[in-house]
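Engineer: As input, take entry.cif (mmCIF, C-alpha atoms):
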```cif
data_work
loop_
_atom_site.label_atom_id
_atom_site.label_comp_id
_atom_site.auth_asym_id
_atom_site.auth_seq_id
_atom_site.Cartn_x
_atom_site.Cartn_y
_atom_site.Cartn_z
CA MET A 1 77.72 222.83 -56.42
CA GLU A 2 75.33 220.00 -57.27
CA GLY A 3 77.78 218.68 -59.87
CA ASN A 4 80.55 218.64 -57.29
CA ASN A 5 78.38 216.65 -54.88
CA LEU A 6 77.52 214.13 -57.58
CA GLU A 7 81.20 213.82 -58.44
CA LYS A 8 82.15 213.13 -54.83
CA THR A 9 79.55 210.42 -54.25
CA PRO A 10 81.38 207.59 -56.11
CA GLN A 11 84.67 208.69 -54.53
CA GLU A 12 83.14 208.54 -51.06
CA GLY A 13 81.61 205.15 -51.83
CA ASN A 14 85.02 203.87 -52.86
CA LEU A 15 86.58 205.25 -49.66
CA TYR A 16 83.91 203.55 -47.56
CA ARG A 17 84.60 200.26 -49.34
CA GLN A 18 88.35 200.61 -48.70
CA LEU A 19 87.74 201.49 -45.06
CA ASN A 20 85.43 198.50 -44.56
CA CYS A 21 88.06 196.22 -46.13
CA LEU A 22 90.74 197.57 -43.75
CA ILE A 23 88.49 197.09 -40.71
CA VAL A 24 87.60 193.50 -41.65
CA ALA A 25 91.24 192.64 -42.42
CA HIS A 26 92.41 194.26 -39.17
CA LEU A 27 89.90 192.29 -37.07
CA ARG A 28 90.69 189.05 -38.86
CA HIS A 29 94.45 189.57 -38.51
CA HIS A 30 94.03 189.94 -34.73
CA ASN A 31 91.89 186.77 -34.59
CA LEU A 32 88.73 188.69 -33.74
CA ILE A 33 86.82 186.48 -36.15
CA GLN A 34 83.34 186.99 -34.68
CA ALA A 35 83.67 190.79 -35.00
CA ALA A 36 85.17 190.47 -38.50
CA ARG A 37 82.19 188.35 -39.62
CA ALA A 38 79.72 190.88 -38.17
CA VAL A 39 81.35 193.83 -39.97
CA ALA A 40 81.74 191.85 -43.21
CA SER A 41 78.08 190.87 -43.15
CA ALA A 42 76.83 194.37 -42.31
CA THR A 43 78.94 196.07 -45.01
CA MET A 44 78.82 193.32 -47.66
CA THR A 45 82.62 193.04 -47.53
CA PRO A 46 84.31 189.68 -48.30
CA LEU A 47 85.55 188.10 -45.07
CA ASP A 48 88.78 186.97 -46.77
CA VAL A 49 89.59 190.42 -48.18
CA GLU A 50 93.34 191.07 -48.46
CA ALA A 51 94.88 194.17 -46.88
CA PRO A 52 98.21 194.99 -45.17
CA PRO A 53 97.78 193.85 -41.52
CA ASN A 54 98.75 197.15 -39.86
CA LYS A 55 97.51 199.58 -42.51
CA LEU A 56 94.53 200.69 -40.45
CA LEU A 57 96.72 201.42 -37.41
CA GLU A 58 99.14 203.41 -39.59
CA LEU A 59 96.33 205.56 -41.00
CA VAL A 60 94.86 206.21 -37.54
CA ALA A 61 98.30 207.12 -36.18
CA LYS A 62 98.86 209.62 -39.01
CA GLU A 63 95.43 211.19 -38.50
CA ASP A 64 95.74 211.53 -34.73
CA GLU A 65 99.33 212.39 -33.84
CA THR A 66 98.55 213.17 -30.24
CA LEU A 67 96.98 210.98 -27.60
CA ARG A 68 96.10 212.92 -24.45
CA GLY A 69 99.17 215.02 -25.12
CA VAL A 70 101.36 211.96 -25.85
CA PRO A 71 102.41 211.37 -29.49
CA SER A 72 101.09 208.03 -30.70
CA SER A 73 104.61 207.04 -31.73
CA THR A 74 105.66 207.41 -28.11
CA LEU A 75 103.27 204.67 -27.06
CA PHE A 76 103.36 202.31 -30.01
CA ASP A 77 106.85 202.66 -31.53
CA LEU A 78 109.02 202.24 -28.46
CA GLY A 79 109.98 198.72 -29.36
CA THR A 80 113.41 198.88 -30.95
CA ALA A 81 115.50 200.71 -28.37
CA LEU A 82 116.38 197.58 -26.41
CA GLY A 83 115.85 195.06 -29.19
CA TYR A 84 112.39 194.46 -27.75
CA GLY A 85 109.62 192.77 -29.67
CA SER A 86 111.75 190.28 -31.58
CA ASN A 87 110.37 186.78 -31.79
CA PRO A 88 112.90 184.22 -30.60
CA ASN A 89 112.42 180.55 -31.38
CA HIS A 90 110.27 179.32 -28.52
CA ARG A 91 110.68 175.68 -27.59
CA VAL A 92 107.72 173.89 -29.13
CA SER A 93 105.00 172.51 -26.88
CA SER A 94 104.48 168.80 -27.38
CA VAL A 95 101.68 168.15 -24.89
CA ASP A 96 98.25 167.05 -26.10
CA PHE A 97 95.99 167.09 -23.04
CA SER A 98 93.11 165.62 -25.05
CA ALA A 99 95.12 162.53 -26.08
CA GLY A 100 93.39 160.32 -23.52
CA GLN A 101 93.65 159.36 -19.89
CA ASP A 102 95.90 156.28 -20.09
CA THR A 103 99.27 157.88 -19.44
CA LYS A 104 100.76 155.40 -16.96
CA GLY A 105 104.50 154.92 -17.24
CA SER A 106 104.93 158.07 -19.35
CA THR A 107 105.88 160.49 -16.56
CA LYS A 108 108.86 162.69 -17.38
CA SER A 109 111.56 163.84 -15.00
CA PHE A 110 112.00 167.55 -14.43
CA PRO A 111 115.57 168.72 -15.25
CA LYS A 112 117.73 169.94 -12.38
CA HIS A 113 117.93 173.71 -11.95
CA GLU A 114 120.39 176.06 -10.31
CA THR A 115 119.13 179.11 -8.44
CA ARG A 116 120.55 182.52 -7.67
CA HIS A 117 119.47 185.41 -5.45
CA LEU A 118 118.99 188.39 -7.79
CA SER A 119 117.85 191.30 -5.70
CA GLU A 120 115.81 192.45 -2.72
CA HIS A 121 112.95 194.85 -2.47
CA LYS A 122 112.46 196.86 0.73
CA ASN A 123 109.27 194.92 1.46
CA VAL A 124 107.53 191.75 0.26
CA ALA A 125 108.17 190.84 -3.40
CA ARG A 126 104.55 190.33 -4.49
CA CYS A 127 104.54 189.57 -8.24
CA ALA A 128 106.62 188.99 -11.37
CA ARG A 129 106.12 188.91 -15.14
CA PHE A 130 108.32 187.98 -18.10
CA SER A 131 108.19 189.92 -21.36
CA PRO A 132 106.68 187.91 -24.26
CA ASP A 133 110.11 187.55 -25.89
CA GLY A 134 111.66 186.32 -22.64
CA MET A 135 114.32 189.08 -22.67
CA PHE A 136 113.13 190.86 -19.52
CA VAL A 137 111.39 190.12 -16.24
CA ALA A 138 109.81 192.65 -13.90
CA THR A 139 108.96 192.32 -10.20
CA GLY A 140 106.58 194.38 -8.08
CA SER A 141 106.68 194.91 -4.32
CA ALA A 142 104.70 195.99 -1.30
CA ASP A 143 107.29 198.80 -1.05
CA THR A 144 105.53 200.26 -4.18
CA SER A 145 108.62 199.79 -6.38
CA ILE A 146 109.01 197.89 -9.66
CA LYS A 147 112.34 196.37 -10.69
CA LEU A 148 113.16 195.47 -14.28
CA PHE A 149 115.80 192.79 -14.94
CA GLU A 150 117.51 191.97 -18.22
CA ILE A 151 117.74 188.19 -18.66
CA SER A 152 121.08 188.29 -20.49
CA LYS A 153 122.60 190.15 -17.53
CA ILE A 154 121.11 187.62 -15.10
CA LYS A 155 122.78 184.82 -17.07
CA GLN A 156 126.10 186.68 -16.94
CA MET A 157 125.66 187.02 -13.20
CA VAL A 158 125.01 183.27 -12.80
CA LEU A 159 128.21 182.33 -14.63
CA PRO A 160 130.89 181.11 -12.18
CA ASP A 161 133.72 183.34 -13.52
CA SER A 162 132.38 186.42 -15.20
CA LYS A 163 135.21 188.17 -17.07
CA ASP A 164 133.39 191.49 -16.86
CA GLY A 165 133.40 191.57 -13.06
CA PRO A 166 130.23 192.09 -11.00
CA VAL A 167 127.10 192.30 -13.15
CA ARG A 168 124.02 194.24 -12.05
CA PRO A 169 120.94 192.60 -13.60
CA VAL A 170 118.51 195.35 -12.48
CA ILE A 171 118.40 197.83 -15.37
CA ARG A 172 115.45 199.99 -14.23
CA THR A 173 113.67 200.77 -10.96
CA PHE A 174 110.33 202.58 -11.07
CA TYR A 175 108.65 204.42 -8.19
CA ASP A 176 105.24 205.89 -8.93
CA HIS A 177 102.62 204.00 -6.91
CA GLU A 178 101.35 204.95 -3.49
CA GLN A 179 100.34 201.41 -2.46
CA PRO A 180 101.62 197.84 -3.04
CA ILE A 181 101.95 196.47 -6.57
CA ASN A 182 99.61 193.56 -7.36
CA ASP A 183 100.45 192.57 -10.94
CA LEU A 184 102.47 193.51 -14.03
CA ASP A 185 102.40 192.96 -17.78
CA PHE A 186 104.45 193.90 -20.84
CA HIS A 187 103.07 195.42 -24.03
CA PRO A 188 103.39 192.78 -26.78
CA GLN A 189 105.27 195.07 -29.21
CA SER A 190 106.46 198.21 -27.42
CA THR A 191 108.84 198.80 -24.52
CA VAL A 192 105.94 199.55 -22.20
CA LEU A 193 105.38 197.90 -18.83
CA ILE A 194 102.08 198.27 -16.97
CA SER A 195 101.38 197.78 -13.28
CA GLY A 196 98.19 197.37 -11.29
CA ALA A 197 98.19 198.38 -7.63
CA LYS A 198 96.18 198.80 -4.46
CA ASP A 199 96.06 202.57 -5.08
CA ASN A 200 93.35 201.90 -7.75
CA THR A 201 95.66 202.77 -10.66
CA ILE A 202 97.18 201.16 -13.73
CA LYS A 203 100.44 202.86 -14.69
CA PHE A 204 102.39 202.80 -17.95
CA PHE A 205 106.21 202.87 -17.83
CA ASP A 206 108.52 203.32 -20.83
CA PHE A 207 111.52 201.14 -20.05
CA SER A 208 113.46 202.17 -23.16
CA LYS A 209 114.46 205.36 -21.29
CA ALA A 210 117.25 204.81 -18.75
CA THR A 211 116.34 207.91 -16.75
CA ALA A 212 112.58 207.31 -16.53
CA LYS A 213 111.46 206.63 -12.96
CA ARG A 214 107.79 207.52 -13.22
CA ALA A 215 104.83 206.53 -15.37
CA PHE A 216 104.10 208.43 -18.56
CA ARG A 217 100.40 207.51 -18.51
CA VAL A 218 97.95 206.56 -15.77
CA ILE A 219 94.52 204.93 -15.75
CA GLN A 220 92.59 205.80 -12.62
CA ASP A 221 90.26 202.92 -11.79
CA THR A 222 87.58 202.92 -9.09
CA HIS A 223 88.82 199.78 -7.32
CA ASN A 224 91.95 198.04 -6.09
CA VAL A 225 93.58 196.74 -9.32
CA ARG A 226 94.46 193.15 -8.53
CA SER A 227 95.51 191.92 -11.97
CA VAL A 228 96.30 193.25 -15.46
CA SER A 229 96.69 191.63 -18.88
CA PHE A 230 97.40 193.15 -22.31
CA HIS A 231 95.41 191.99 -25.31
CA PRO A 232 97.86 190.38 -27.82
CA SER A 233 97.26 193.30 -30.20
CA GLY A 234 98.38 195.76 -27.53
CA ASP A 235 95.30 197.91 -28.21
CA PHE A 236 93.37 196.84 -25.11
CA LEU A 237 94.04 195.71 -21.59
CA ILE A 238 91.86 193.90 -19.10
CA ALA A 239 91.96 194.67 -15.37
CA GLY A 240 90.74 192.41 -12.59
CA THR A 241 89.76 194.43 -9.53
CA ASP A 242 87.73 194.24 -6.33
CA HIS A 243 84.74 194.67 -8.66
CA PRO A 244 83.34 191.25 -9.75
CA ILE A 245 83.41 192.13 -13.49
CA ALA A 246 86.72 192.72 -15.28
CA HIS A 247 87.30 196.25 -16.59
CA LEU A 248 88.24 196.38 -20.29
CA TYR A 249 90.24 199.48 -21.32
CA ASP A 250 90.99 200.84 -24.76
CA VAL A 251 94.69 201.73 -24.51
CA ASN A 252 94.28 204.59 -27.01
CA THR A 253 91.35 206.38 -25.39
CA PHE A 254 91.28 204.97 -21.84
CA GLN A 255 87.59 204.26 -22.41
CA CYS A 256 86.41 201.63 -19.92
CA TYR A 257 83.98 198.89 -20.95
CA LEU A 258 82.07 196.42 -18.78
CA SER A 259 80.27 193.27 -19.86
CA ALA A 260 76.71 194.16 -20.90
CA ASN A 261 75.29 190.82 -19.70
CA PRO A 262 77.34 189.67 -16.72
CA PRO A 263 76.38 186.53 -14.81
CA GLU A 264 75.02 186.68 -11.27
CA ILE A 265 78.06 187.04 -9.00
CA GLY A 266 77.84 187.28 -5.22
CA VAL A 267 79.41 189.80 -2.87
CA ASN A 268 82.71 187.90 -2.71
CA GLY A 269 83.43 188.06 -6.44
CA ALA A 270 86.62 190.15 -6.46
CA ILE A 271 89.00 189.00 -9.21
CA ASN A 272 92.38 187.65 -8.12
CA GLN A 273 93.74 187.13 -11.62
CA VAL A 274 92.78 187.82 -15.24
CA ARG A 275 94.62 186.56 -18.32
CA TYR A 276 94.03 186.76 -22.07
CA SER A 277 94.37 183.73 -24.33
CA SER A 278 97.19 183.74 -26.89
CA THR A 279 95.00 185.24 -29.64
CA GLY A 280 92.85 187.47 -27.42
CA GLY A 281 89.70 185.60 -28.42
CA MET A 282 88.99 184.84 -24.74
CA TYR A 283 90.03 185.88 -21.27
CA VAL A 284 89.74 184.04 -17.97
CA THR A 285 89.13 185.30 -14.45
CA ALA A 286 89.94 183.59 -11.14
CA SER A 287 87.81 184.99 -8.33
CA LYS A 288 87.68 185.08 -4.54
CA ASP A 289 84.34 183.22 -4.65
CA GLY A 290 86.20 180.13 -5.94
CA ALA A 291 84.91 180.40 -9.51
CA ILE A 292 86.77 180.31 -12.82
CA ARG A 293 84.94 182.26 -15.53
CA LEU A 294 85.62 182.35 -19.26
CA TRP A 295 84.74 185.44 -21.26
CA ASP A 296 84.45 186.22 -24.97
CA GLY A 297 87.31 188.56 -25.90
CA VAL A 298 85.13 190.53 -28.35
CA SER A 299 81.72 190.83 -26.71
CA ALA A 300 83.00 190.57 -23.10
CA SER A 301 80.12 188.18 -22.39
CA CYS A 302 80.65 185.31 -19.98
CA VAL A 303 80.67 182.10 -22.03
CA ARG A 304 81.26 179.66 -19.17
CA SER A 305 81.22 179.83 -15.36
CA ILE A 306 82.89 177.03 -13.42
CA VAL A 307 81.30 177.85 -10.08
CA GLY A 308 83.00 176.21 -7.13
CA ALA A 309 86.05 175.32 -9.22
CA HIS A 310 87.96 175.47 -5.93
CA ARG A 311 84.90 174.81 -3.77
CA THR A 312 84.40 177.72 -1.35
CA ALA A 313 88.11 178.63 -1.30
CA GLU A 314 89.51 181.48 -3.39
CA ALA A 315 90.64 180.77 -6.95
CA THR A 316 94.01 182.53 -6.96
CA SER A 317 95.30 182.09 -10.52
CA ALA A 318 94.20 180.98 -13.99
CA CYS A 319 95.93 180.80 -17.37
CA PHE A 320 95.30 179.29 -20.80
CA THR A 321 97.24 176.58 -22.57
CA LYS A 322 98.85 177.79 -25.78
CA ASP A 323 96.22 176.03 -27.92
CA GLN A 324 93.47 177.83 -25.92
CA ARG A 325 91.62 174.56 -25.28
CA PHE A 326 92.34 174.29 -21.55
CA VAL A 327 92.74 176.48 -18.48
CA LEU A 328 95.05 175.81 -15.54
CA SER A 329 93.74 177.11 -12.20
CA CYS A 330 95.04 177.27 -8.64
CA GLY A 331 93.13 177.82 -5.41
CA LYS A 332 93.40 178.14 -1.64
CA ASP A 333 91.88 174.65 -1.35
CA SER A 334 95.42 173.35 -2.06
CA THR A 335 94.54 172.10 -5.54
CA VAL A 336 95.77 172.87 -9.03
CA LYS A 337 93.32 171.89 -11.77
CA LEU A 338 93.15 171.65 -15.56
CA TRP A 339 89.79 172.43 -17.18
CA GLU A 340 88.55 171.80 -20.71
CA ILE A 341 87.17 175.08 -22.03
CA GLY A 342 84.63 173.60 -24.47
CA THR A 343 82.82 171.54 -21.83
CA GLY A 344 83.92 172.93 -18.46
CA ARG A 345 85.07 169.39 -17.62
CA LEU A 346 87.79 168.80 -15.02
CA VAL A 347 90.56 167.05 -16.95
CA LYS A 348 93.37 166.75 -14.41
CA GLN A 349 94.22 167.53 -10.78
CA TYR A 350 97.71 168.21 -9.48
CA LEU A 351 97.73 167.32 -5.78
CA GLY A 352 100.31 167.22 -3.02
CA ALA A 353 101.03 170.91 -2.43
CA THR A 354 99.39 172.87 0.38
CA HIS A 355 98.53 176.53 -0.29
CA THR A 356 95.82 178.08 1.84
CA GLN A 357 97.19 181.48 2.86
CA LEU A 358 98.92 183.33 0.02
CA ARG A 359 97.70 184.29 -3.47
CA CYS A 360 99.53 181.29 -4.87
CA GLN A 361 100.22 180.79 -8.59
CA ALA A 362 100.29 177.62 -10.66
CA VAL A 363 102.14 177.97 -13.97
CA PHE A 364 103.20 175.85 -16.92
CA SER A 365 106.80 175.41 -17.95
CA ASP A 366 107.62 176.99 -21.32
CA THR A 367 106.88 173.72 -23.17
CA GLU A 368 103.76 173.00 -21.04
CA GLU A 369 105.23 169.60 -20.11
CA PHE A 370 105.32 170.53 -16.41
CA VAL A 371 103.23 172.46 -13.87
CA LEU A 372 104.88 174.40 -11.03
CA SER A 373 103.41 175.70 -7.77
CA ILE A 374 104.23 176.24 -4.07
CA ASP A 375 103.91 174.15 -0.92
CA GLU A 376 103.57 176.73 1.86
CA PRO A 377 104.21 174.58 5.00
CA SER A 378 107.44 173.04 3.69
CA ASN A 379 108.54 176.18 1.80
CA GLU A 380 109.11 174.13 -1.34
CA ILE A 381 108.52 174.47 -5.06
CA VAL A 382 106.46 171.54 -6.34
CA ILE A 383 106.59 170.25 -9.92
CA TRP A 384 104.17 167.86 -11.64
CA ASP A 385 104.18 166.14 -15.00
CA ALA A 386 101.43 168.12 -16.74
CA LEU A 387 100.10 165.17 -18.71
CA THR A 388 100.07 162.45 -16.06
CA GLY A 389 99.44 164.65 -13.01
CA GLU A 390 102.21 162.86 -11.10
CA LYS A 391 104.44 164.85 -8.77
CA VAL A 392 108.00 164.66 -10.12
CA ALA A 393 109.98 167.03 -7.87
CA LYS A 394 109.93 169.07 -4.65
CA TRP A 395 112.74 171.57 -4.19
CA PRO A 396 113.57 173.87 -1.25
CA SER A 397 112.65 177.39 -2.38
CA ASN A 398 115.73 178.95 -0.73
CA HIS A 399 113.45 181.77 0.46
CA ILE A 400 112.99 182.54 4.16
CA GLY A 401 109.30 181.81 4.43
CA SER A 402 107.14 180.58 1.58
CA PRO A 403 107.39 182.23 -1.86
CA ARG A 404 104.24 184.13 -2.78
CA TRP A 405 104.68 184.17 -6.56
CA ILE A 406 106.22 181.94 -9.22
CA GLU A 407 106.51 182.90 -12.90
CA HIS A 408 108.00 180.80 -15.71
CA SER A 409 109.79 182.15 -18.76
CA PRO A 410 107.73 181.78 -21.97
CA THR A 411 110.83 180.98 -24.03
CA GLU A 412 113.24 178.79 -22.05
CA PRO A 413 113.60 176.50 -19.01
CA ALA A 414 113.89 179.23 -16.39
CA PHE A 415 111.61 180.80 -13.78
CA ILE A 416 111.42 183.48 -11.10
CA SER A 417 110.27 183.15 -7.48
CA CYS A 418 109.31 186.10 -5.28
CA GLY A 419 109.22 185.86 -1.51
CA THR A 420 107.73 187.27 1.64
CA ASP A 421 111.43 187.59 2.59
CA ARG A 422 111.57 190.48 0.02
CA SER A 423 113.93 188.55 -2.24
CA VAL A 424 113.77 187.65 -5.95
CA ARG A 425 115.38 184.41 -7.15
CA PHE A 426 116.17 183.18 -10.66
CA TRP A 427 116.03 179.46 -11.49
CA LYS A 428 117.68 178.04 -14.60
CA GLU A 429 118.03 174.53 -15.97
CA ILE A 430 121.52 173.07 -15.52
CA LEU A 431 122.78 172.12 -18.97
#
```
Could you rewrite the structure in this file as structure tokens?
Structural biologist:
Amino acid sequence: MEGNNLEKTPQEGNLYRQLNCLIVAHLRHHNLIQAARAVASATMTPLDVEAPPNKLLELVAKEDETLRGVPSSTLFDLGTALGYGSNPNHRVSSVDFSAGQDTKGSTKSFPKHETRHLSEHKNVARCARFSPDGMFVATGSADTSIKLFEISKIKQMVLPDSKDGPVRPVIRTFYDHEQPINDLDFHPQSTVLISGAKDNTIKFFDFSKATAKRAFRVIQDTHNVRSVSFHPSGDFLIAGTDHPIAHLYDVNTFQCYLSANPPEIGVNGAINQVRYSSTGGMYVTASKDGAIRLWDGVSASCVRSIVGAHRTAEATSACFTKDQRFVLSCGKDSTVKLWEIGTGRLVKQYLGATHTQLRCQAVFSDTEEFVLSIDEPSNEIVIWDALTGEKVAKWPSNHIGSPRWIEHSPTEPAFISCGTDRSVRFWKEIL
């Protein structure tokens, strides 16, 4: 027996070394550099060790075929049924916000768009989200329903003479919440859509199945789930709720994590929006107390608080630039602002739109050359040149009453507006 134990020791040591290499490579591949360094240092593993990027996930999937009764392949390998997860050629961003302040005379004009009514919910259309590949867009409503649209079908519908007759762009409708939907997000690789709602739940829908109407997995939170965002790896999601600290969930185990060292946040710290950066190295929260807070994506520690970013008014939205150096925020003080992450410095303000009532969004165009938001009193969509801060267009929204959400495609010059009039509209650049 002793001989057997001695024989196994070098084998086990070799296995540990291989495992450590896979862990370091996995963390590095997903841009979790701080965690990769910590593991490499603790295990004496080279930080630049080479290993197949998804090898660790494959081994874990083989070892644990079931996940709360759901095969792991069901959650992570749903991507090919609808051609989902492909990486189209995104239009390249050409904006350098750190290039300097002298931008006079360089303002660009925003291309003309055509708009089309797509569909109506039975109550207010509250939110929308595009899939990362730009092939789908989902909308959520106060009527508790979620509608999924296929962009190619929308484009067919917009054509003046469609040879195929009437085209129905809604390809799925989901009903599984008991209260209004607040936010949506798509899994980065799989045909999974998540929703956060006032019924304190996050629900997972498989949209590869034409007959699926209900969620196949549910996370029961303790608070109203105001906002959701998938980590770019798809292994985690972050939820902004009525609780002042974002709830981080492991998608595999549903384990919930909270920041160990949160900053002091007052009683009005509910989170209106949370969004990951493009690599998952950071996430940002926009809160009802008017603050924008930046958090480390690995340790979940708050790395910068911009208190009073929108004075005492609610901060209603926040998102990163693609290079992760700046954050765009919107608030009920009728301002849209661009912040430098490294210093917390206010870089740019986009003024001239009034939004004091609704949970208004400010978003970049797909190339980040323009910023879009809503003017509530005039019921118009307002567009600014992102670099100069100059207002370049104001268009009637074509909604009855002010839109409450605007979402731009990540891949092309097109966006969605959702209204208190229950309607969903698609906007596309006129070529």
Engineer: Identify all residues satisfying the PyMOL selection byres ((chain A and resi 331-346) around 9) in the given file; provide them as number ranges by chain.
Structural biologist: A: 98, 286, 290, 294, 304-306, 309-317, 324-330, 347-362, 371, 373, 375
Engineer: With 12 Å as the threshold, what does the neighbourhood of (112.1, 166.4, -5.5) contain in terms of residues, counting all atoms listed in the file? Coordinates are those of the file; answer as a list in words.
Structural biologist: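 Residues satisfying the cut-off, written out: Ser109, Phe110, Pro111, Lys112, His113, Glu380, Ile381, Val382, Ile383, Trp384, Glu390, Lys391, Val392, Ala393, Lys394, Trp395, Pro396 and Ser397 of chain A.
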Engineer: Can I get the selected residues back with C-alpha atoms, as a compact mmCIF listing (two decimals), in the frame of the given file?
Structural biologist:
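Full text of part-v8.txt as output:
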```
# COMPACT_ATOMS: atom_id res chain seq x y z
CA SER A 109 111.56 163.84 -15.00
CA PHE A 110 112.00 167.55 -14.43
CA PRO A 111 115.57 168.72 -15.25
CA LYS A 112 117.73 169.94 -12.38
CA HIS A 113 117.93 173.71 -11.95
CA GLU A 380 109.11 174.13 -1.34
CA ILE A 381 108.52 174.47 -5.06
CA VAL A 382 106.46 171.54 -6.34
CA ILE A 383 106.59 170.25 -9.92
CA TRP A 384 104.17 167.86 -11.64
CA GLU A 390 102.21 162.86 -11.10
CA LYS A 391 104.44 164.85 -8.77
CA VAL A 392 108.00 164.66 -10.12
CA ALA A 393 109.98 167.03 -7.87
CA LYS A 394 109.93 169.07 -4.65
CA TRP A 395 112.74 171.57 -4.19
CA PRO A 396 113.57 173.87 -1.25
CA SER A 397 112.65 177.39 -2.38
```
Engineer: Evaluate the PyMOL selection byres ((chain A and resi 196) around 10) against this structure - the residues, as a ChimeraX atom specification, please.
Structural biologist: /A:140,177,179-185,194-195,197-204,219,221,224-229,239-241
Engineer: Hey, what comes out of the PyMOL selection byres ((chain A and resi 301) around 9) on this file? Could you write it as a ChimeraX atom specification?
Structural biologist: /A:259-263,294-300,302-303
Engineer: Would you work out the distance separating CA of Asp289 (chain A) from CA of Gly234 (chain A), expressed in Å to one decimal?
Structural biologist: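 Rounded to one decimal, the two atoms are 29.6 Å apart.
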Engineer: CA of Lys153 (chain A) and CA of Ala414 (chain A) are how many Å apart?
Structural biologist: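 These two atoms are separated by 14.0 Å.
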Engineer: Here is a test: counting only C-alpha atoms, which residue of A:Leu118, A:Cys127, A:Val192, A:Ile245 is nearest to Glu150 (chain A)?
Structural biologist: A:Leu118
Engineer: When distances are computed from all atoms listed in the file, which of A:Lys288, A:His243, A:Lys209, A:Arg404 shows the smallest separation from His223 (chain A)?
Structural biologist: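 Looking only at the distances to His223 (chain A), the closest residue turns out to be A:His243.
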Engineer: For CA of Ile374 (chain A) and CA of Trp405 (chain A), quote the distance in Å rounded to one decimal.
Structural biologist: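 According to the coordinates, CA of Ile374 (chain A) and CA of Trp405 (chain A) are separated by 8.3 Å.
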Engineer: Pick from A:Ser365, A:Thr253, A:Ser277, A:Ser106: nearest to His408 (chain A), with all atoms listed in the file counted?
Structural biologist: A:Ser365
Engineer: A:Ala42, A:Ala246, A:Val137, A:Leu56: which is nearest Ser409 (chain A), counting only C-alpha atoms?
Structural biologist: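 The closest residue to Ser409 (chain A) is A:Val137.
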Engineer: Give me, as a list in words, all polymer residues having an atom no more than 12 Å from His29 (chain A), counting only C-alpha atoms and skipping those fewer than 6 positions away in the same chain.
Structural biologist: Cys21, Leu22, Ile23, Ala35, Ala36, Leu47, Asp48, Val49, Glu50, Ala51, Pro52, Pro53, Asn54, Lys55, Leu56, Pro232, Ser233, Thr279, Gly280 and Gly281 of chain A
Engineer: Using only C-alpha atoms for the distances, tell me which of A:Leu387, A:Phe97, A:Glu407, A:Asp235 is nearest to Leu372 (chain A).
Structural biologist: A:Glu407
Engineer: Please rebuild region 331-339 of chain A with N, CA, C and O atoms and return the result as a short mmCIF file (atom, residue, chain, number, x, y, z; two decimals), in the frame of the given file.
Structural biologist:
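Final file, selection_10.cif:
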```cif
data_model
loop_
_atom_site.label_atom_id
_atom_site.label_comp_id
_atom_site.auth_asym_id
_atom_site.auth_seq_id
_atom_site.Cartn_x
_atom_site.Cartn_y
_atom_site.Cartn_z
N GLY A 331 94.01 177.28 -6.44
CA GLY A 331 93.13 177.82 -5.41
C GLY A 331 93.65 177.59 -4.01
O GLY A 331 94.58 176.82 -3.77
N LYS A 332 93.02 178.27 -3.05
CA LYS A 332 93.40 178.14 -1.64
C LYS A 332 92.83 176.87 -1.01
O LYS A 332 92.93 176.69 0.21
N ASP A 333 92.27 175.98 -1.83
CA ASP A 333 91.88 174.65 -1.35
C ASP A 333 93.02 173.66 -1.55
O ASP A 333 92.83 172.45 -1.42
N SER A 334 94.21 174.18 -1.85
CA SER A 334 95.42 173.35 -2.06
C SER A 334 95.31 172.43 -3.26
O SER A 334 95.86 171.33 -3.27
N THR A 335 94.60 172.88 -4.30
CA THR A 335 94.54 172.10 -5.54
C THR A 335 94.96 172.96 -6.72
O THR A 335 94.78 174.18 -6.73
N VAL A 336 95.52 172.29 -7.71
CA VAL A 336 95.77 172.87 -9.03
C VAL A 336 95.00 172.02 -10.01
O VAL A 336 95.07 170.78 -9.95
N LYS A 337 94.23 172.65 -10.91
CA LYS A 337 93.32 171.89 -11.77
C LYS A 337 93.42 172.33 -13.22
O LYS A 337 93.69 173.50 -13.51
N LEU A 338 93.19 171.38 -14.12
CA LEU A 338 93.15 171.65 -15.56
C LEU A 338 91.74 171.43 -16.06
O LEU A 338 91.16 170.35 -15.85
N TRP A 339 91.18 172.46 -16.73
CA TRP A 339 89.79 172.43 -17.18
C TRP A 339 89.73 172.49 -18.71
O TRP A 339 90.47 173.23 -19.34
#
```
